[in-house]
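**Student:** The following file, data-v2.pdb, comprises PDB, C-alpha atoms:
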```pdb
ATOM      1  CA  MET T   1      94.657 112.893  99.638
ATOM      2  CA  ILE T   2      92.652 111.625  96.677
ATOM      3  CA  SER T   3      94.054 109.484  93.856
ATOM      4  CA  GLU T   4      93.260 106.327  91.931
ATOM      5  CA  THR T   5      94.196 103.132  93.741
ATOM      6  CA  THR T   6      94.840  99.553  92.727
ATOM      7  CA  HIS T   7      95.183  96.448  94.900
ATOM      8  CA  TYR T   8      98.829  95.695  95.689
ATOM      9  CA  LEU T   9      98.905  92.920  98.321
ATOM     10  CA  THR T  10      96.924  91.347 101.136
ATOM     11  CA  CYS T  11      98.869  91.094 104.415
ATOM     12  CA  LYS T  12      98.227  89.637 107.837
ATOM     13  CA  ASP T  13      98.568  91.244 111.247
ATOM     14  CA  TYR T  14     100.960  88.763 112.910
ATOM     15  CA  THR T  15     101.208  90.679 116.197
ATOM     16  CA  VAL T  16      97.721  91.250 117.637
ATOM     17  CA  SER T  17      94.555  90.518 115.654
ATOM     18  CA  HIS T  18      95.802  88.006 113.031
ATOM     19  CA  LYS T  19      93.337  89.600 110.610
ATOM     20  CA  ASN T  20      94.035  90.288 106.940
ATOM     21  CA  PHE T  21      94.368  93.808 105.527
ATOM     22  CA  ASP T  22      94.741  95.014 101.960
ATOM     23  CA  LEU T  23      97.443  97.316 100.688
ATOM     24  CA  LEU T  24      96.159  99.792  98.096
ATOM     25  CA  TYR T  25      98.590 101.437  95.692
ATOM     26  CA  HIS T  26      98.108 105.178  95.145
ATOM     27  CA  ASN T  27      99.155 105.558  91.521
ATOM     28  CA  ASP T  28      99.884 109.304  91.615
ATOM     29  CA  TRP T  29     101.774 109.197  94.900
ATOM     30  CA  GLU T  30     103.694 105.915  94.565
ATOM     31  CA  MET T  31     102.518 105.041  98.053
ATOM     32  CA  LEU T  32     100.596 102.202  99.705
ATOM     33  CA  GLU T  33      97.656 102.596 102.072
ATOM     34  CA  THR T  34      96.474  99.972 104.550
ATOM     35  CA  PHE T  35      92.790  99.175 104.063
ATOM     36  CA  PRO T  36      90.624  99.171 106.011
ATOM     37  CA  GLN T  37      92.315 101.494 108.473
ATOM     38  CA  PRO T  38      91.232 101.010 112.103
ATOM     39  CA  LYS T  39      89.001 103.684 113.563
ATOM     40  CA  ALA T  40      90.718 106.152 115.883
ATOM     41  CA  GLU T  41      89.204 104.564 118.985
ATOM     42  CA  GLU T  42      90.345 101.093 117.859
ATOM     43  CA  LEU T  43      93.903 101.909 116.828
ATOM     44  CA  SER T  44      95.492 101.844 120.297
ATOM     45  CA  GLY T  45      94.317  98.258 120.780
ATOM     46  CA  TYR T  46      96.584  97.106 117.957
ATOM     47  CA  TYR T  47      99.617  98.222 119.992
ATOM     48  CA  GLU T  48      98.649  96.335 123.155
ATOM     49  CA  SER T  49     101.004  93.391 122.827
ATOM     50  CA  ASP T  50     104.216  92.317 124.529
ATOM     51  CA  GLU T  51     105.464  91.453 121.045
ATOM     52  CA  TYR T  52     105.350  95.109 119.991
ATOM     53  CA  ILE T  53     108.966  95.571 120.933
ATOM     54  CA  SER T  54     109.437  99.313 120.334
ATOM     55  CA  HIS T  55     107.156  99.952 123.330
ATOM     56  CA  THR T  56     109.171  97.734 125.669
ATOM     57  CA  ASP T  57     112.747  97.173 126.851
ATOM     58  CA  SER T  58     112.290  93.404 126.690
ATOM     59  CA  LYS T  59     115.339  91.127 126.383
ATOM     60  CA  GLU T  60     113.553  87.803 126.814
ATOM     61  CA  THR T  61     113.870  86.235 123.348
ATOM     62  CA  VAL T  62     116.789  86.073 120.928
ATOM     63  CA  ILE T  63     114.986  88.540 118.652
ATOM     64  CA  ASP T  64     114.435  90.887 121.626
ATOM     65  CA  LYS T  65     118.141  90.772 122.482
ATOM     66  CA  LEU T  66     119.193  91.393 118.888
ATOM     67  CA  TYR T  67     116.756  94.298 118.665
ATOM     68  CA  GLN T  68     118.181  95.923 121.805
ATOM     69  CA  ILE T  69     121.774  95.521 120.540
ATOM     70  CA  VAL T  70     120.912  97.025 117.168
ATOM     71  CA  LYS T  71     118.923  99.780 118.896
ATOM     72  CA  LYS T  72     121.985 100.889 120.882
ATOM     73  CA  LEU T  73     124.118 101.019 117.734
ATOM     74  CA  ALA T  74     121.377 102.897 115.870
ATOM     75  CA  ILE T  75     120.944 105.436 118.687
ATOM     76  CA  SER T  76     124.679 106.157 118.631
ATOM     77  CA  ASN T  77     124.460 106.822 114.885
ATOM     78  CA  LYS T  78     121.398 109.025 115.361
ATOM     79  CA  LEU T  79     123.243 111.115 117.934
ATOM     80  CA  LYS T  80     126.174 111.574 115.543
ATOM     81  CA  LEU T  81     123.738 112.726 112.879
ATOM     82  CA  ILE T  82     122.003 115.408 114.950
ATOM     83  CA  ASN T  83     125.324 116.570 116.426
ATOM     84  CA  SER T  84     126.488 117.271 112.869
ATOM     85  CA  PHE T  85     123.923 120.071 112.485
ATOM     86  CA  LYS T  86     124.694 123.683 113.313
ATOM     87  CA  THR T  87     122.010 124.706 115.807
ATOM     88  CA  THR T  88     121.379 127.756 117.957
ATOM     89  CA  ASP T  89     119.808 126.304 121.108
ATOM     90  CA  LYS T  90     120.031 122.502 120.627
ATOM     91  CA  ASN T  91     116.277 122.096 121.105
ATOM     92  CA  LEU T  92     115.171 118.605 120.074
ATOM     93  CA  LEU T  93     111.682 117.136 119.660
ATOM     94  CA  ASP T  94     111.471 113.355 119.252
ATOM     95  CA  VAL T  95     108.009 112.301 118.070
ATOM     96  CA  GLY T  96     107.169 108.710 118.967
ATOM     97  CA  CYS T  97     109.964 108.584 121.520
ATOM     98  CA  GLY T  98     109.020 105.085 122.742
ATOM     99  CA  THR T  99     110.800 104.117 125.936
ATOM    100  CA  GLY T 100     113.091 107.144 125.800
ATOM    101  CA  TYR T 101     116.572 105.789 125.047
ATOM    102  CA  PHE T 102     117.225 108.297 122.254
ATOM    103  CA  LEU T 103     115.983 111.215 124.359
ATOM    104  CA  LEU T 104     118.205 110.157 127.253
ATOM    105  CA  ILE T 105     121.413 109.974 125.232
ATOM    106  CA  CYS T 106     120.602 113.320 123.605
ATOM    107  CA  LYS T 107     119.949 114.928 126.992
ATOM    108  CA  ASN T 108     123.223 113.534 128.306
ATOM    109  CA  ASN T 109     124.975 115.141 125.342
ATOM    110  CA  GLY T 110     123.715 118.656 125.916
ATOM    111  CA  TRP T 111     120.402 118.693 124.040
ATOM    112  CA  LYS T 112     117.231 120.201 125.491
ATOM    113  CA  VAL T 113     114.805 117.379 124.838
ATOM    114  CA  THR T 114     111.053 117.053 124.436
ATOM    115  CA  GLY T 115     109.265 113.840 123.502
ATOM    116  CA  VAL T 116     105.841 112.775 122.277
ATOM    117  CA  GLU T 117     104.660 109.244 123.070
ATOM    118  CA  PRO T 118     100.983 108.198 123.017
ATOM    119  CA  ASN T 119     101.518 104.712 124.460
ATOM    120  CA  ALA T 120     101.056 104.997 128.234
ATOM    121  CA  LYS T 121     103.486 102.226 129.246
ATOM    122  CA  ALA T 122     106.251 103.425 126.918
ATOM    123  CA  LYS T 123     105.700 107.015 128.088
ATOM    124  CA  ILE T 124     106.145 106.034 131.746
ATOM    125  CA  SER T 125     109.376 104.202 130.861
ATOM    126  CA  ALA T 126     110.654 107.294 129.036
ATOM    127  CA  GLU T 127     109.697 109.551 131.960
ATOM    128  CA  ASN T 128     111.578 107.318 134.374
ATOM    129  CA  LYS T 129     114.706 107.486 132.228
ATOM    130  CA  LEU T 130     114.493 111.282 132.233
ATOM    131  CA  ASN T 131     114.216 111.417 136.043
ATOM    132  CA  GLY T 132     110.421 111.680 136.045
ATOM    133  CA  LYS T 133     110.255 115.182 134.536
ATOM    134  CA  SER T 134     107.183 114.255 132.522
ATOM    135  CA  ALA T 135     105.338 117.560 132.639
ATOM    136  CA  SER T 136     108.047 119.462 130.783
ATOM    137  CA  GLU T 137     109.642 116.776 128.632
ATOM    138  CA  ILE T 138     107.162 114.067 127.538
ATOM    139  CA  LYS T 139     103.736 114.681 126.035
ATOM    140  CA  SER T 140     101.085 112.173 124.988
ATOM    141  CA  GLU T 141     100.088 114.027 121.802
ATOM    142  CA  ILE T 142     101.793 116.517 119.536
ATOM    143  CA  ASN T 143      98.926 119.003 119.962
ATOM    144  CA  GLN T 144      99.830 119.290 123.664
ATOM    145  CA  LEU T 145     102.934 121.243 122.686
ATOM    146  CA  LYS T 146     102.651 125.012 122.936
ATOM    147  CA  SER T 147     102.062 126.625 119.555
ATOM    148  CA  GLU T 148     105.052 128.915 120.063
ATOM    149  CA  ALA T 149     107.421 125.984 120.680
ATOM    150  CA  GLN T 150     110.221 125.962 118.132
ATOM    151  CA  PHE T 151     112.785 123.215 117.630
ATOM    152  CA  ASP T 152     116.172 123.075 115.922
ATOM    153  CA  VAL T 153     115.693 119.372 115.176
ATOM    154  CA  ILE T 154     112.528 117.272 115.030
ATOM    155  CA  THR T 155     112.912 113.501 114.657
ATOM    156  CA  LEU T 156     110.411 110.828 113.668
ATOM    157  CA  TRP T 157     112.122 107.437 113.780
ATOM    158  CA  HIS T 158     109.640 105.030 112.154
ATOM    159  CA  VAL T 159     106.643 107.139 113.164
ATOM    160  CA  LEU T 160     105.167 108.781 110.055
ATOM    161  CA  GLU T 161     103.777 105.456 108.822
ATOM    162  CA  HIS T 162     101.584 105.341 111.964
ATOM    163  CA  VAL T 163      99.964 108.772 111.512
ATOM    164  CA  PRO T 164      96.293 108.806 110.370
ATOM    165  CA  ASN T 165      96.065 112.374 109.036
ATOM    166  CA  LEU T 166      99.313 112.736 107.140
ATOM    167  CA  GLU T 167      98.975 116.171 105.600
ATOM    168  CA  ALA T 168      97.673 117.849 108.763
ATOM    169  CA  TYR T 169     100.404 116.187 110.824
ATOM    170  CA  ILE T 170     103.161 117.319 108.477
ATOM    171  CA  SER T 171     101.745 120.847 108.610
ATOM    172  CA  THR T 172     101.972 120.764 112.420
ATOM    173  CA  LEU T 173     105.569 119.531 112.294
ATOM    174  CA  LYS T 174     106.489 122.376 109.961
ATOM    175  CA  LYS T 175     105.022 124.949 112.356
ATOM    176  CA  LEU T 176     107.085 123.520 115.228
ATOM    177  CA  LEU T 177     110.346 123.661 113.245
ATOM    178  CA  LYS T 178     112.614 126.711 113.317
ATOM    179  CA  PRO T 179     113.181 128.462 109.954
ATOM    180  CA  ASP T 180     116.591 126.786 109.549
ATOM    181  CA  GLY T 181     115.672 123.663 111.510
ATOM    182  CA  VAL T 182     115.987 120.082 110.284
ATOM    183  CA  LEU T 183     113.181 117.538 110.218
ATOM    184  CA  ILE T 184     114.384 113.922 110.241
ATOM    185  CA  VAL T 185     111.941 111.283 109.021
ATOM    186  CA  ALA T 186     112.879 107.589 108.962
ATOM    187  CA  VAL T 187     110.433 105.161 107.344
ATOM    188  CA  PRO T 188     110.454 101.670 105.801
ATOM    189  CA  ASN T 189     110.857 101.535 102.022
ATOM    190  CA  PHE T 190     108.470  99.130 100.259
ATOM    191  CA  LYS T 191     110.622  99.361  97.112
ATOM    192  CA  SER T 192     113.585  97.647  98.783
ATOM    193  CA  TYR T 193     114.831  94.190  97.796
ATOM    194  CA  ASP T 194     113.763  92.586 101.084
ATOM    195  CA  ALA T 195     110.226  93.982 100.634
ATOM    196  CA  HIS T 196     110.011  92.508  97.127
ATOM    197  CA  HIS T 197     111.468  89.207  98.336
ATOM    198  CA  TYR T 198     109.117  88.656 101.264
ATOM    199  CA  LYS T 199     106.041  90.276  99.676
ATOM    200  CA  GLN T 200     103.010  89.815 101.998
ATOM    201  CA  PHE T 201     105.291  88.441 104.742
ATOM    202  CA  TRP T 202     107.493  91.549 104.859
ATOM    203  CA  ALA T 203     107.518  92.510 108.537
ATOM    204  CA  ALA T 204     107.795  96.248 107.846
ATOM    205  CA  PHE T 205     104.282  96.300 106.379
ATOM    206  CA  ASP T 206     103.163  95.671 110.000
ATOM    207  CA  VAL T 207      99.466  96.112 109.241
ATOM    208  CA  PRO T 208      97.346  97.752 110.536
ATOM    209  CA  ARG T 209      99.732  99.740 112.776
ATOM    210  CA  HIS T 210     101.493 100.991 109.659
ATOM    211  CA  LEU T 211      98.770 102.928 107.884
ATOM    212  CA  TRP T 212     101.023 104.121 105.039
ATOM    213  CA  HIS T 213     103.965 102.639 103.155
ATOM    214  CA  PHE T 214     106.328 105.091 101.481
ATOM    215  CA  SER T 215     108.657 105.388  98.524
ATOM    216  CA  LYS T 216     111.120 108.219  97.875
ATOM    217  CA  LYS T 217     108.669 109.787  95.438
ATOM    218  CA  SER T 218     105.800 109.776  97.938
ATOM    219  CA  ILE T 219     107.918 111.431 100.658
ATOM    220  CA  GLN T 220     109.034 114.078  98.177
ATOM    221  CA  LEU T 221     105.468 114.839  97.052
ATOM    222  CA  LEU T 222     103.984 114.863 100.560
ATOM    223  CA  PHE T 223     106.507 117.355 101.896
ATOM    224  CA  GLU T 224     106.674 119.509  98.760
ATOM    225  CA  LYS T 225     102.951 120.066  99.230
ATOM    226  CA  GLN T 226     103.841 121.599 102.621
ATOM    227  CA  GLU T 227     106.709 123.620 101.073
ATOM    228  CA  MET T 228     109.438 121.440 102.517
ATOM    229  CA  ASN T 229     112.305 119.910 100.576
ATOM    230  CA  ILE T 230     114.430 116.801 100.946
ATOM    231  CA  VAL T 231     118.039 117.900 101.397
ATOM    232  CA  LYS T 232     119.549 114.442 101.927
ATOM    233  CA  ILE T 233     118.589 110.756 102.047
ATOM    234  CA  LEU T 234     120.529 108.301 104.211
ATOM    235  CA  PRO T 235     120.273 104.490 104.517
ATOM    236  CA  MET T 236     119.455 102.506 107.648
ATOM    237  CA  TRP T 237     121.788  99.556 107.096
ATOM    238  CA  PHE T 238     120.690  97.438 110.073
ATOM    239  CA  ASP T 239     116.977  97.437 109.253
ATOM    240  CA  SER T 240     117.216  94.911 106.417
ATOM    241  CA  PHE T 241     118.625  92.284 108.796
ATOM    242  CA  TYR T 242     116.099  92.765 111.594
ATOM    243  CA  VAL T 243     113.135  93.038 109.205
ATOM    244  CA  SER T 244     114.298  89.909 107.344
ATOM    245  CA  LEU T 245     114.549  87.998 110.626
ATOM    246  CA  LEU T 246     110.934  88.805 111.506
ATOM    247  CA  SER T 247     109.807  88.190 107.931
ATOM    248  CA  GLU T 248     111.327  84.697 107.940
ATOM    249  CA  LYS T 249     109.371  83.917 111.095
ATOM    250  CA  TYR T 250     106.132  85.202 109.548
ATOM    251  CA  LYS T 251     106.726  83.263 106.333
ATOM    252  CA  ASN T 252     107.910  79.932 107.741
ATOM    253  CA  GLY T 253     106.662  79.953 111.324
ATOM    254  CA  LYS T 254     110.160  79.723 112.797
ATOM    255  CA  ASP T 255     113.410  81.644 113.136
ATOM    256  CA  ASN T 256     115.965  81.241 110.367
ATOM    257  CA  PHE T 257     118.941  83.406 111.236
ATOM    258  CA  LEU T 258     121.173  82.336 108.344
ATOM    259  CA  LYS T 259     118.519  82.926 105.687
ATOM    260  CA  ALA T 260     117.489  86.241 107.245
ATOM    261  CA  PHE T 261     121.105  87.431 107.373
ATOM    262  CA  TYR T 262     121.600  86.402 103.742
ATOM    263  CA  ILE T 263     118.494  88.277 102.523
ATOM    264  CA  GLY T 264     119.375  91.324 104.607
ATOM    265  CA  PHE T 265     122.917  91.291 103.214
ATOM    266  CA  ILE T 266     121.728  90.937  99.609
ATOM    267  CA  SER T 267     119.223  93.749 100.152
ATOM    268  CA  ASN T 268     121.997  96.092 101.300
ATOM    269  CA  ILE T 269     124.313  95.062  98.451
ATOM    270  CA  LYS T 270     121.615  95.724  95.836
ATOM    271  CA  ALA T 271     120.759  99.044  97.507
ATOM    272  CA  ILE T 272     124.314 100.301  96.938
ATOM    273  CA  GLU T 273     123.307 100.614  93.283
ATOM    274  CA  THR T 274     119.535 101.158  93.490
ATOM    275  CA  LYS T 275     119.560 103.338  96.661
ATOM    276  CA  GLU T 276     116.409 101.436  97.722
ATOM    277  CA  HIS T 277     117.398 100.385 101.248
ATOM    278  CA  SER T 278     115.018  98.584 103.606
ATOM    279  CA  SER T 279     114.527 101.847 105.506
ATOM    280  CA  LEU T 280     115.552 105.374 104.592
ATOM    281  CA  ILE T 281     116.245 108.541 106.587
ATOM    282  CA  TYR T 282     115.055 111.783 105.007
ATOM    283  CA  LEU T 283     116.513 115.124 106.068
ATOM    284  CA  LEU T 284     114.024 117.890 105.282
ATOM    285  CA  LYS T 285     114.044 121.668 105.571
ATOM    286  CA  LYS T 286     111.567 124.441 104.951
ATOM    287  CA  ALA T 287     111.678 125.790 101.421
ATOM    288  CA  LYS T 288     113.265 129.246 101.142
ATOM    289  CA  ASN T 289     110.886 131.959  99.948
TER     290      ASN T 289
END
```
Render the structure in this file as structure tokens.

**Tutor:**
Amino acid sequence: MISETTHYLTCKDYTVSHKNFDLLYHNDWEMLETFPQPKAEELSGYYESDEYISHTDSKETVIDKLYQIVKKLAISNKLKLINSFKTTDKNLLDVGCGTGYFLLICKNNGWKVTGVEPNAKAKISAENKLNGKSASEIKSEINQLKSEAQFDVITLWHVLEHVPNLEAYISTLKKLLKPDGVLIVAVPNFKSYDAHHYKQFWAAFDVPRHLWHFSKKSIQLLFEKQEMNIVKILPMWFDSFYVSLLSEKYKNGKDNFLKAFYIGFISNIKAIETKEHSSLIYLLKKAKN
């Protein structure tokens, strides 16, 4: 993916390295790229932290507890979404399945589930939730799936921003999707009000774990290149509050629940008109020939 870039912001990794990284704006794609991106052999080290909450079931801090509450509500909404699709076999692939809560609730509601999770600790937690059936249900990498595997629904909940080779990865996802299947991609939106408000302190930049930062235009262009179309865009209402809570901590060095709630609320109110929510869910399907 080659295009002219301009400097957009410089952000700090608040979770692991505390180093600064630049965000470069791809003019043609309306997308940001983290620079420099960690080498493949270095990338896993940036996830080795107890503070990286999506890889744990921690409930130690107030933020941890809030995250787990919101996660349960979000998972319920995700289940309602996938249950709304007409499918033949109810085969689901969840890429970046984390500790497996979403897979478990789907399995308990009649879905045949497969997960991909590269983080070893999170993968073990997911396997335990699914009664230890790791060989058939949880893989470490997407390329471990059989080439003939076909899924009615493939989900990536805040995963695409972590993928080094975007175009190749999207091509692989397309091959794994049935002709009438649905690909669900949820990503942060750097054009949201809370992103503009917090700027370099916006927690959803999460450098360098987030390698890419998307807008609606960039998602459209990336998937059109692979002959896939957006059929619907949905908001993630809770994300603005949680992201604002972390952003306040990054900006001021302490929790500020009232301010974070206010910014999250304002972000959602403004997004009713602009449609630029803190995070967006894209429903995508293969283009018809």

**Student:** Tell me which residues the PyMOL selection byres ((chain T and resi 186) around 7) grabs here, as a PDB file with C-alpha atoms, in the coordinates of the input.

**Tutor:**
```pdb
ATOM      1  CA  LEU T 156     110.411 110.828 113.668  1.00  0.00           C
ATOM      2  CA  TRP T 157     112.122 107.437 113.780  1.00  0.00           C
ATOM      3  CA  HIS T 158     109.640 105.030 112.154  1.00  0.00           C
ATOM      4  CA  ILE T 184     114.384 113.922 110.241  1.00  0.00           C
ATOM      5  CA  VAL T 185     111.941 111.283 109.021  1.00  0.00           C
ATOM      6  CA  VAL T 187     110.433 105.161 107.344  1.00  0.00           C
ATOM      7  CA  SER T 279     114.527 101.847 105.506  1.00  0.00           C
ATOM      8  CA  LEU T 280     115.552 105.374 104.592  1.00  0.00           C
ATOM      9  CA  ILE T 281     116.245 108.541 106.587  1.00  0.00           C
ATOM     10  CA  TYR T 282     115.055 111.783 105.007  1.00  0.00           C
TER      11      TYR T 282
END
```

**Student:** Smallest atom-to-atom distance to Phe201 in chain T: which of T:Asn131, T:Thr172, T:Asn252, T:Thr155, using only C-alpha atoms?

**Tutor:**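 Once distances to Phe201 in chain T are computed over only C-alpha atoms, the minimum belongs to T:Asn252.
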
**Student:** Could you tell me, as an mmCIF file with C-alpha atoms, in the frame of the given file, exactly which residues end up selected when the PyMOL selection byres ((chain T and resi 19) around 12) is applied to this structure?

**Tutor:**
```
data_model
loop_
_atom_site.group_PDB
_atom_site.id
_atom_site.type_symbol
_atom_site.label_atom_id
_atom_site.label_comp_id
_atom_site.auth_asym_id
_atom_site.auth_seq_id
_atom_site.Cartn_x
_atom_site.Cartn_y
_atom_site.Cartn_z
ATOM 1 C CA THR T 10 96.924 91.347 101.136
ATOM 2 C CA CYS T 11 98.869 91.094 104.415
ATOM 3 C CA LYS T 12 98.227 89.637 107.837
ATOM 4 C CA ASP T 13 98.568 91.244 111.247
ATOM 5 C CA TYR T 14 100.960 88.763 112.910
ATOM 6 C CA THR T 15 101.208 90.679 116.197
ATOM 7 C CA VAL T 16 97.721 91.250 117.637
ATOM 8 C CA SER T 17 94.555 90.518 115.654
ATOM 9 C CA HIS T 18 95.802 88.006 113.031
ATOM 10 C CA ASN T 20 94.035 90.288 106.940
ATOM 11 C CA PHE T 21 94.368 93.808 105.527
ATOM 12 C CA ASP T 22 94.741 95.014 101.960
ATOM 13 C CA PHE T 35 92.790 99.175 104.063
ATOM 14 C CA PRO T 36 90.624 99.171 106.011
ATOM 15 C CA PRO T 38 91.232 101.010 112.103
ATOM 16 C CA TYR T 46 96.584 97.106 117.957
ATOM 17 C CA ASP T 206 103.163 95.671 110.000
ATOM 18 C CA VAL T 207 99.466 96.112 109.241
ATOM 19 C CA PRO T 208 97.346 97.752 110.536
#
```

**Student:** From the options T:Val159, T:Val70, T:Leu103, T:Leu284, which residue's atoms come nearest to Leu222 in chain T, counting all atoms listed in the file?

**Tutor:**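 Comparing T:Val159, T:Val70, T:Leu103, T:Leu284 against Leu222 in chain T, the winner is T:Leu284.
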
**Student:** Pick out the residues sitting within 6 Å of range 109-124 of chain T, and hand them over as a list in words; count only C-alpha atoms, and ignore anything fewer than 6 positions along from it in its own chain.

**Tutor:**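 These residues fall inside the cut-off: His55, Lys90, Asn91, Leu92, Leu93, Asp94, Val95, Gly96, Cys97, Gly98, Thr99, Glu137, Ile138, Lys139, Ser140 and Glu141 of chain T.
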
**Student:** Kindly save the residues from that selection, with C-alpha atoms included, as a JSON list (two decimals), in the coordinates of the input.

**Tutor:**
```json
[["chain", "number", "residue", "atom", "x", "y", "z"],
["T", 55, "HIS", "CA", 107.16, 99.95, 123.33],
["T", 90, "LYS", "CA", 120.03, 122.50, 120.63],
["T", 91, "ASN", "CA", 116.28, 122.10, 121.10],
["T", 92, "LEU", "CA", 115.17, 118.60, 120.07],
["T", 93, "LEU", "CA", 111.68, 117.14, 119.66],
["T", 94, "ASP", "CA", 111.47, 113.36, 119.25],
["T", 95, "VAL", "CA", 108.01, 112.30, 118.07],
["T", 96, "GLY", "CA", 107.17, 108.71, 118.97],
["T", 97, "CYS", "CA", 109.96, 108.58, 121.52],
["T", 98, "GLY", "CA", 109.02, 105.08, 122.74],
["T", 99, "THR", "CA", 110.80, 104.12, 125.94],
["T", 137, "GLU", "CA", 109.64, 116.78, 128.63],
["T", 138, "ILE", "CA", 107.16, 114.07, 127.54],
["T", 139, "LYS", "CA", 103.74, 114.68, 126.04],
["T", 140, "SER", "CA", 101.08, 112.17, 124.99],
["T", 141, "GLU", "CA", 100.09, 114.03, 121.80]]
```
